[in-house]
Structure formats: C-alpha cells, structure tokens
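*Asks:* The structure follows.
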Amino acid sequence: MYSSDAITNKLPPPDTHFAVSIGDCTFNYPGQPDSFFSHLDLQIRAGERFGLFGPNGAGKTTLMHLMTGLLPSREGCIRLLGVKIEKHKKSINKLFGFVPQDFSFYHELTPVENLEFFGAWAGLHKQEIRKRTDELLDILGLTEVRNKPVQKFSGGMKRMINLAIGVVHRPQILFLDEPTVGVDVQTRHAIINYLKELNKNGTTLIYTSHQLNEAEELCERIALLDKGKIVAHDDLDKLLSAHRQDGLEGLFLKLTGEKYKND
Amino acid sequence: MYKLRATIIKDIRTLTRDRIGLALMFGMPILLVIIITLIQNNTFELVSKNKSPLLLCNRDTGEASSELIQAIDKIGMFRLLEVSRDLSDKGITDRMHAKDALLAVVIPSDFSSDVSAKTRRLSSKALNTFGLKGDTITAGSGIADPVTLFYHPILQEPFRRSVQGALYSALQLVESRQLLKSIYFSINEKQLPDSLENDILSNKISINEVPVSRDGSRSVPNASQHNVPAWTIFAMFFVVLSLGSGVVREKLNGSFIRLKTLPTNYLVSILSKQVTYLGVTIAQAIVIFTIGVWLFPAMGLPALDLPSDLSGLALVSVLCGWCAVSYAICIGVFARTEEQANGFGAISIVMLAAIGGLMVPSFAMPDSFRTIMKISPLHWCLEAYYGLFLEGGKLKDVLPNLLPLFIIVLVLQFITFAGLKRKNLI
C-alpha cells in the first residue's frame with residue numbers, strides 16, 4: 001500500500017496494518033496533577049477514514065496533538081505505521097500531514113509562495129514542489145488566484161489552502177482538525193470529495209468535526225470521546241445498530257449526554 | 001540548505017510586504033538621524049558660529065563701562081542689542097520673555113567709579129608692598145555693585161556657564177587695564193602709552209586645538225560624525241519592533257503548529273530570521289551613511305566623512321547588526337505576546353542606549369554608570385564606530401570593542417537556544 005521511498009532510511013520498516021497505534025497512554029497537561037488521558041488504547045487501521053468525535057473539551061484536539069507529537073505523553077507508546085514517535089520525532093513527520101483547525105499559513109504570501117515554503121519544510125525538492133503546487137491548485141480550484149495574497153481570500157478558499165499545505169508532501173496519514181468549519185456547502189462538498197479521493201489512493205484519514213452529517217458521510221469507523229475517555233470505538237454502522245440509533249447525532253447524545261458542555 | 005533558502009525567501013517576502021514594519025525600520029530611524037543632527041548642529045553653531053543676541057543696558061556713563069562693552073563685543077559670542085539706560089529690570093525681562101534675546105547684561109550706574117576706586121586701592125596696596133610710596137588708601141567698603149546677567153531658563157547649564165566665563169574674562173580685562181594704568185601713573189606720573197598697554201594686555205599666546213586621532217588627521221568632528229553612527233546603532237536595535245514581534249506572531253499563529261509537525265527543525269526558521277534581518281540592519285547602515293554623505297550637505301548639515309578603513313566599517317556594522325538581531329530574537333522567544341515584545345523591546349533599547357552613551361556621552365556619566373554601561377551592547381557598538389569615525393582608527397584599533405560585543409552576541413544566542421529548548425520549540 002505504501003511506497004517505500006516516502007519513508008526515510010532513518011525509520012524502521014513500516015507496519016502496514018495500523019496507521020496509528022496508541023498503547024497504555026497517559027497524558028497530563030503541564031502543572032496539572034490529574035491525568036487528562038489515563039491508560040488510553042486506540043488502534044486506527046491503515047487506509048481507513050477514522051473520525052474522532054466528542055463534546056467540547058472531550059480531548060479530540062489533545063489526542064490529535066499527541067498522535068502528531070505536538071504534545072508528549074507521560075507514559076505509554078504511540079506509533080505511526082509502527083514507528084515510535086518519541087524515538088523518531090522529526091523524521092516521522094514525513095509520514096503524516098496535519099491540517100489544523102486554525103488557518104496555518106502566512107496570510108501575506110500567495111498560495112504558490114506558501115506551498116513553496118511548506119513544501120520545502122516537508123522535505124520536497126524544488127521541482128517536486130512546483131509540480132505538486134500546480135496539481136493541488138488545479139484540483140482545489142485555486143489556479144486563478146495562485147499569485148494573489150491569501151489574506152484577500154474568502155474563508156472557503158483559505159480552508160482549501162490550509163488543506164493543500166497539509167497534503168503537499170503526499171502524506172500517508174492525514175490528520176484533519178475540523179477541516180470544514182465555517183465554509184459554505186459547495187466548499188464543504190469539494191473538500192469532502194477531495195478527502196475521499198485521497199483515501200482511495202491509500203491515505204489514512206483521521207478526522208475531527210462537529211459537523212456530524214458530514215462525518216457520517218466521510219467516516220467508516222469512529223471513536224467517541226468524553227472527558228478524556230473513549231466511550232465508544234468501532235465501525236460506525238455497528239455502533240449505530242448496537243445503540244439503535246439512526247444517525248451519529250443521536251448516538252453522540254446518547255453516549256455523551258445531553259447536558260451543555262463548554263469546558 | 002534548500003530549506004534555509006526557502007525560509008529566507010519566505011521571510012524576505014513577508015518582510016517586504018509589511019509596510020508598517022519597513023517604515024519603522026527605515027523611515028523612523030532616518031527621520032531621527034536627520035532631526036537629531038539638525039538640532040545638534042544648531043547647538044554646535046550656537047556656541048561656535050552663530051552669535052547669540054544679548055540685551056545690553058549700560059546705566060553707567062564712565063569709561064570703564066565702555067571698555068567692558070568693547071570687551072564683550074570682542075568675545076565674538078554675542079550680537080549686542082543696546083537698550084536705553086532708563087529701561088527697568090522688568091522692562092528688560094519683558095523683552096526677554098518676548099524672546100528678543102535670551103541673555104541680558106545690566107552694567108550698574110556706579111560701575112566706572114567702582115572699578116576706578118577698586119583699582120586705585122589695589123594699585124596703592126601693590127606699590128606699598130613693593131616698598132614704593134603709593135596713594136593713601138581711602139576707606140571704603142570695596143564692594144562694587146555687580147554686573148547683572150539675566151538669562152532665559154531655556155538656556156542649558158553648559159551654555160550659561162560658558163557665557164558667564166566669557167563675561168568674567170571681559171571684566172577681568174577691564175579691571176586689569178585700569179589697574180595697569182593706575183600703577184603706571186602712580187610710578188611715572190604720566191599716562192600709560194597705548195603701545196605698551198596693548199603689548200601687556202593683548203593675549204599673544206593662542207590655543208592650538210588638536211583633535212586626537214589615530215590616523216593623524218586634524219579634521220574637527222562635527223554633529224554628523226557624532227550623530228550618524230550613534231543613531232544608526234539605535235536604528236539597528238529597533239528591529240526588535242519588527243523581528244521580536246514577528247517571532248511571537250509566528251509562535252502564536254497557526255503556522256507554528258504546522259511547522260512543528262514538519263520534518264524540519266525550528267532552528268532553521270531562527271537562522272533564516274538572523275540572516276534576513278542581518279541584511280536589514282546592514283541595509284539600514286548603508287542607507288543612513290549614504291544620507292549622511294550625500295544628503296546632509298544639501299540640507300546645510302556637515303557631510304559625514306566615512307572612515308578610511310571601509311572593511312573595518314563593514315565588519316563593525318555586521319557585528320552590530322548581528323548583535324541587534326540576536327537581541328530581538330531573544331526577546332521574541334521569551335515574550336508571550338506581541339505587546340510584551342514591542343513594549344519591553346522598545347523600552348529596553350532606549351534604556352540600553354542611555355546607559356550605553358548614545359544619549360549622554362559616556363565621559364559625562366556618573367562613575368557608577370561606567371561599569372553598568374559595559375553590559376549594554378550599544379555601548380560597545382558606539383565605541384567601535386567612534387573609534388573609526390571620530391578617532392580615524394582602523395579595524396585593529398577597535399578590536400578591543402568588538403570582542404565584548406562578540407561575547408554579548410554569543411550569550412544572547414545561548415539564552416535564545418536555552419529558551420527554545422525550555423519552551424519545547426526545538
């Protein structure tokens with residue numbers, strides 16, 4: 001499934017079965033004695049479209065930051081494609097792409113200039129970056145504005161740029177933290193369709209969102225988080241039938257409660 | 001290397017599109033250099049070339065007061081504006097409030113008779129001391145009414161003292177002449193010949209002023225030589241406003257999270273900023289020096305004379321710029337908000353400039369500051385520049401200033417590295 005040239009020589013051979021494997025992971029925020037995650041276990045299979053859901057403060061973004069090495073776990077082990085992230089901190093970053101919730105690029109620069117810079121940081125060479133930039137801007141419908149500063153773009157176009165930068169180096173795992181927040185229906189469809197296309201070509205998608213209809217459309221398997229615990233983790237269809245629910249929203253409310261949460 | 005190149009290109013692009021940042025880094029320092037040099041040049045000329053208007057109220061009708069007026073005129077510092085002897089003190093101060101003049105001298109009505117009495121008394125005393133028979137010393141208080149100097153409070157202490165010194169010198173000359181005439185008359189019973197009077201009283205020994213320089217040149221330093229290097233350093237260190245806050249902005253906005261998830265060390269970004277902003281500081285120096293050389297003469301200011309050792313000037317500029325950039329990045333790494341970086345950065349630079357001798361010459365500082373000033377990188381930058389610009393030195397002459405500067409750069413780099421490690425940024 002994976003091309004070996006994408007994985008640096010510094011890394012051990014990839015495990016093609018699990019994209020992410022979290023074992024007995026404990027995490028504390030600095031200065032807080034209580035563990036946010038305690039002995040957490042989670043496996044995400046390679047090539048699947050996996051959704052992380054939960055109310056505000058459940059730990060979705062924190063878990064994503066642990067999986068991408070942005071936060072260090074206190075105990076336990078996190079592996080991406082079988083490679084321990086603690087041991088191969090920088091070299092492992094070639095394997096995955098990250099699309100944060102915030103716009104993560106330079107607003108003064110054009111799409112081409114942003115992709116040139118982030119492509120170089122992702123380890124691509126000049127020619128590769130040029131080719132990939134043309135390809136991505138074409139797919140995402142940004143060719144006409146390729147040389148205009150991003151700060152003049154609409155929210156939807158900025159979401160597209162945010163996504164394009166995350167996939168510029170053809171990552172094998174793509175972490176997406178609310179990639180469609182604040183965009184119109186057309187843009188959301190374009191993004192979801194592109195993500196499905198990426199997944200068809202072998203990219204594992206790990207996704208969080210509060211757009212549950214969209215999540216139902218995209219995700220094959222999900223984990224529901226609440227207060228730092230995984231309250232459900234399985235194929236979406238199996239979970240819906242097990243809990244006798246028609247949709248993800250009903251399942252979400254049943255498992256995480258209907259009380260307002262804003263911590 | 002390609003990553004560093006791409007990052008430098010990104011930094012240059014973001015920098016050149018930040019018009020406010022560019023204005024702060026180039027426009028403001030250029031204005032500052034021009035304004036300060038204009039003001040200081042005016043102050044120099046006030047003392048050396050321009051004559052200050054001085055109201056002169058002579059309430060005396062005797063010979064000594066006329067001699068005093070001539071002596072004051074000969075000093076060359078003043079443009080005398082004689083006013084009516086009947087003008088009251090209030091009338092004089094009113095005219096000073098109207099800024100007709102910032103100085104006024106009032107010669108009291110008994111000035112000539114007082115001087116005459118004083119010199120006769122001294123003459124008799126001197127002749128008696130020599131064993132000659134002088135006139136009988138008449139009884140009297142011996143205290144003459146003083147000459148009054150009115151000054152406007154806006155005049156600074158050093159200028160006021162120089163005026164006071166000049167007036168004392170004129171008074172001394174009048175009294176000496178009178179005393180000489182009196183002694184001569186007492187001995188010879190005839191008037192002192194003019195030629196002898198001139199021979200005795202004219203100061204034939206001049207003062208030869210020699211600026212100490214390493215290259216033997218005798219060019220007199222001017223306001224441009226003093227101000228351009230000093231405010232160039234100030235401009236270089238003011239990159240903290242753009243660079244320090246830029247580092248904070250990058251840490252706080254989303255792009256930093258993305259950078260941390262990419263297989264490149266954040267040190268590349270820090271190194272790129274060092275290279276880019278070092279270029280900015282060098283550009284600042286080139287622009288400001290060029291203005292000093294070419295634009296200042298067109299504005300009526302003295303031209304900036306560049307040092308003969310241009311390679312020395314280049315190295316000093318690079319080291320000063322590197323130090324300024326290191327300081328700005330250090331502030332940016334530790335500041336949590338842009339407001340912190342800008343506020344602390346700007347105020348600390350002003351303080352370091354004051355401590356370092358950019359605002360008040362280091363020789364005029366209290367002893368306690370002589371040690372403190374050595375911790376200011378701006379002090380070492382200034383000493384190195386002055387070594388080249390004012391003393392006509394070469395690179396080897398300013399190396400003792402560059403070594404502490406280099407050490408400060410290394411310390412700042414180490415603190416930055418430790419800060420990045422501690423904050424888990426690298």
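Residue numbers start at 1 in each chain; chains themselves are named A, B, ... in the order of the structure tokens; ligands are numbered from 1 in the order shown.
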Skipping near chain neighbours, those fewer than 4 positions away, what residues fall within 8 Å of Leu225 of chain A using only C-alpha atoms, listed as an mmCIF file with C-alpha atoms, in the first residue's frame?

*Replies:*
```cif
data_model
loop_
_atom_site.group_PDB
_atom_site.id
_atom_site.type_symbol
_atom_site.label_atom_id
_atom_site.label_comp_id
_atom_site.auth_asym_id
_atom_site.auth_seq_id
_atom_site.Cartn_x
_atom_site.Cartn_y
_atom_site.Cartn_z
ATOM 1 C CA LEU A 52 -12.781 11.329 16.470
ATOM 2 C CA PHE A 53 -15.861 12.906 17.997
ATOM 3 C CA GLY A 54 -16.921 14.268 21.325
ATOM 4 C CA PRO A 55 -18.240 17.364 23.021
ATOM 5 C CA ALA A 58 -13.529 15.912 25.410
ATOM 6 C CA GLY A 59 -9.912 15.700 24.240
ATOM 7 C CA LYS A 60 -10.177 15.350 20.442
ATOM 8 C CA LYS A 229 -12.086 8.681 27.866
ATOM 9 C CA ILE A 230 -13.059 6.695 24.805
ATOM 10 C CA VAL A 231 -16.707 5.838 25.393
ATOM 11 C CA ALA A 232 -17.195 4.030 22.082
ATOM 12 C CA THR A 256 -22.032 11.697 25.887
#
```

*Asks:* Please check the contacts: residues of chain A at most 9 Å away from chain B, using only C-alpha atoms, listed as a CSV table (one decimal) with C-alpha atoms, in the first residue's frame.

*Replies:*
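Wrote it out as part_14.csv, contents follow:
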```
chain,number,residue,atom,x,y,z
A,68,THR,CA,1.3,14.1,15.8
A,69,GLY,CA,4.0,14.5,18.5
A,70,LEU,CA,2.9,18.1,19.3
A,89,LYS,CA,10.4,12.8,16.3
A,90,LYS,CA,11.4,14.8,13.2
A,91,SER,CA,11.9,12.0,10.7
A,92,ILE,CA,8.5,10.5,11.4
A,93,ASN,CA,6.9,13.8,10.4
A,94,LYS,CA,7.4,13.0,6.8
A,96,PHE,CA,1.9,12.4,8.1
A,97,GLY,CA,0.2,15.7,7.2
A,98,PHE,CA,-1.7,17.9,9.6
A,99,VAL,CA,-4.5,20.3,8.8
A,100,PRO,CA,-5.1,22.3,12.0
A,101,GLN,CA,-8.4,24.0,12.8
A,102,ASP,CA,-6.8,27.4,12.6
A,103,PHE,CA,-5.5,28.8,9.3
A,104,SER,CA,-1.9,27.6,9.4
A,105,PHE,CA,-0.1,29.6,6.8
A,106,TYR,CA,1.3,33.0,6.0
A,107,HIS,CA,-1.5,35.4,5.0
A,108,GLU,CA,0.9,37.9,3.4
A,109,LEU,CA,2.0,35.2,0.9
A,113,GLU,CA,4.6,31.0,-2.1
A,114,ASN,CA,3.0,29.2,0.9
A,116,GLU,CA,6.8,26.6,-1.9
A,117,PHE,CA,7.8,27.3,1.7
A,118,PHE,CA,5.8,24.5,3.4
A,120,ALA,CA,10.5,22.8,1.4
A,121,TRP,CA,9.9,22.3,5.1
A,122,ALA,CA,8.2,19.0,4.3
A,123,GLY,CA,11.4,17.9,2.6
A,125,HIS,CA,12.7,19.4,-3.8
A,126,LYS,CA,12.1,22.5,-5.9
A,166,GLY,CA,-1.3,19.6,4.7
```

*Asks:* Please extract the residues of segment 15-219 of chain A with a backbone DSSP assignment of strand (DSSP E or B) and present them as a count of residues only.

*Replies:* 46

*Asks:* Considering only alpha helix (DSSP H) as DSSP defines it on the backbone, what residues of segment 22-245 of chain A qualify? List them as an MDAnalysis selection string.

*Replies:* chainID A and resid 60:67 111:121 126:139 155:167 185:200 212:218 236:242

*Asks:* Nearest to Asp305 of chain B: which of B:Asp114, B:Asp367, B:Glu391, B:Glu338 is it, counting only C-alpha atoms?

*Replies:*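 Ranked by minimum distance to Asp305 of chain B, first place goes to B:Glu391.
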
*Asks:* Name all residues at most 9 Å from segment 26-41 of chain A (count only C-alpha atoms; drop same-chain ones fewer than 2 positions away) and give them as number ranges by chain.

*Replies:* A: 21-24, 43, 59, 63, 66, 71-76, 227-230

*Asks:* May I have the residues within 7 Å of segment 180-192 of chain B as a tab-separated table (two decimals) with N, CA and C atoms, in the first residue's frame, using only C-alpha atoms and disregarding those fewer than 5 positions away in the same chain?

*Replies:*
```tsv
chain	number	residue	atom	x	y	z
B	119	THR	N	40.60	99.79	41.61
B	119	THR	CA	41.94	99.69	41.03
B	119	THR	C	42.91	100.64	41.74
B	120	ARG	N	42.41	101.84	42.18
B	120	ARG	CA	43.29	102.76	42.92
B	120	ARG	C	43.72	102.12	44.24
B	123	SER	N	46.17	99.39	43.46
B	123	SER	CA	47.42	99.96	42.99
B	123	SER	C	48.26	100.46	44.18
B	134	GLY	N	52.75	104.71	47.61
B	134	GLY	CA	51.53	104.86	46.83
B	134	GLY	C	50.61	105.86	47.48
B	197	GLU	N	50.38	99.37	26.57
B	197	GLU	CA	49.12	98.79	27.07
B	197	GLU	C	48.72	97.59	26.23
```

*Asks:* What's the 8 Å shell around Val240 of chain B, counting only C-alpha atoms, without same-chain residues fewer than 6 positions away, as a list in words?

*Replies:*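 Those residues are Ala324, Val325, Tyr327, Ala328, Ile329, Ile331, Ala341, Asn342, Gly345 and Ala346 of chain B.
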
*Asks:* Report, in Å with one decimal, the straight-line distance from atom CA of Val333 of chain B to atom CA of Phe175 of chain A.

*Replies:*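 Here the two named atoms are 27.9 Å from each other.
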
*Asks:* Taking only C-alpha atoms into account, name the residue in B:Cys323, B:Leu103, B:Ala71, B:Ile288 that is nearest to Val163 of chain B.

*Replies:*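 For Val163 of chain B, the nearest of the given residues is B:Leu103.
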
*Asks:* When you look at segment 355-364 of chain B with a cut-off of 7 Å (counting only C-alpha atoms), what residues show up, excluding the ones that are within fewer than 4 positions of it in the same chain? I need them as a list in words.

*Replies:*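 The filter keeps Ala230, Met351, Met373, Ser376, Leu378 and His379 of chain B.
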
*Asks:* Could you give me, as a short mmCIF file (atom, residue, chain, number, x, y, z; two decimals) with N, CA and C atoms, in the first residue's frame, the residues within 7 Å of Leu56 of chain B, counting only C-alpha atoms and dropping anything in the same chain fewer than 5 positions from it?

*Replies:*
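Written output follows (part_17.cif):
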```cif
data_model
loop_
_atom_site.label_atom_id
_atom_site.label_comp_id
_atom_site.auth_asym_id
_atom_site.auth_seq_id
_atom_site.Cartn_x
_atom_site.Cartn_y
_atom_site.Cartn_z
N LEU B 80 25.24 92.33 20.15
CA LEU B 80 24.82 93.24 21.21
C LEU B 80 23.63 94.09 20.77
N LEU B 81 22.62 94.14 21.62
CA LEU B 81 21.44 94.98 21.37
C LEU B 81 21.35 95.96 22.53
N GLU B 82 21.89 97.15 22.30
CA GLU B 82 21.91 98.11 23.41
C GLU B 82 20.51 98.69 23.61
N VAL B 83 20.11 98.75 24.87
CA VAL B 83 18.80 99.31 25.21
C VAL B 83 19.01 100.55 26.06
N ALA B 104 20.78 88.98 28.92
CA ALA B 104 20.86 90.45 29.07
C ALA B 104 21.90 90.77 30.12
N VAL B 105 22.64 91.84 29.88
CA VAL B 105 23.64 92.27 30.85
C VAL B 105 23.30 93.71 31.25
N VAL B 106 23.26 93.92 32.56
CA VAL B 106 23.00 95.28 33.05
C VAL B 106 24.25 95.77 33.77
#
```
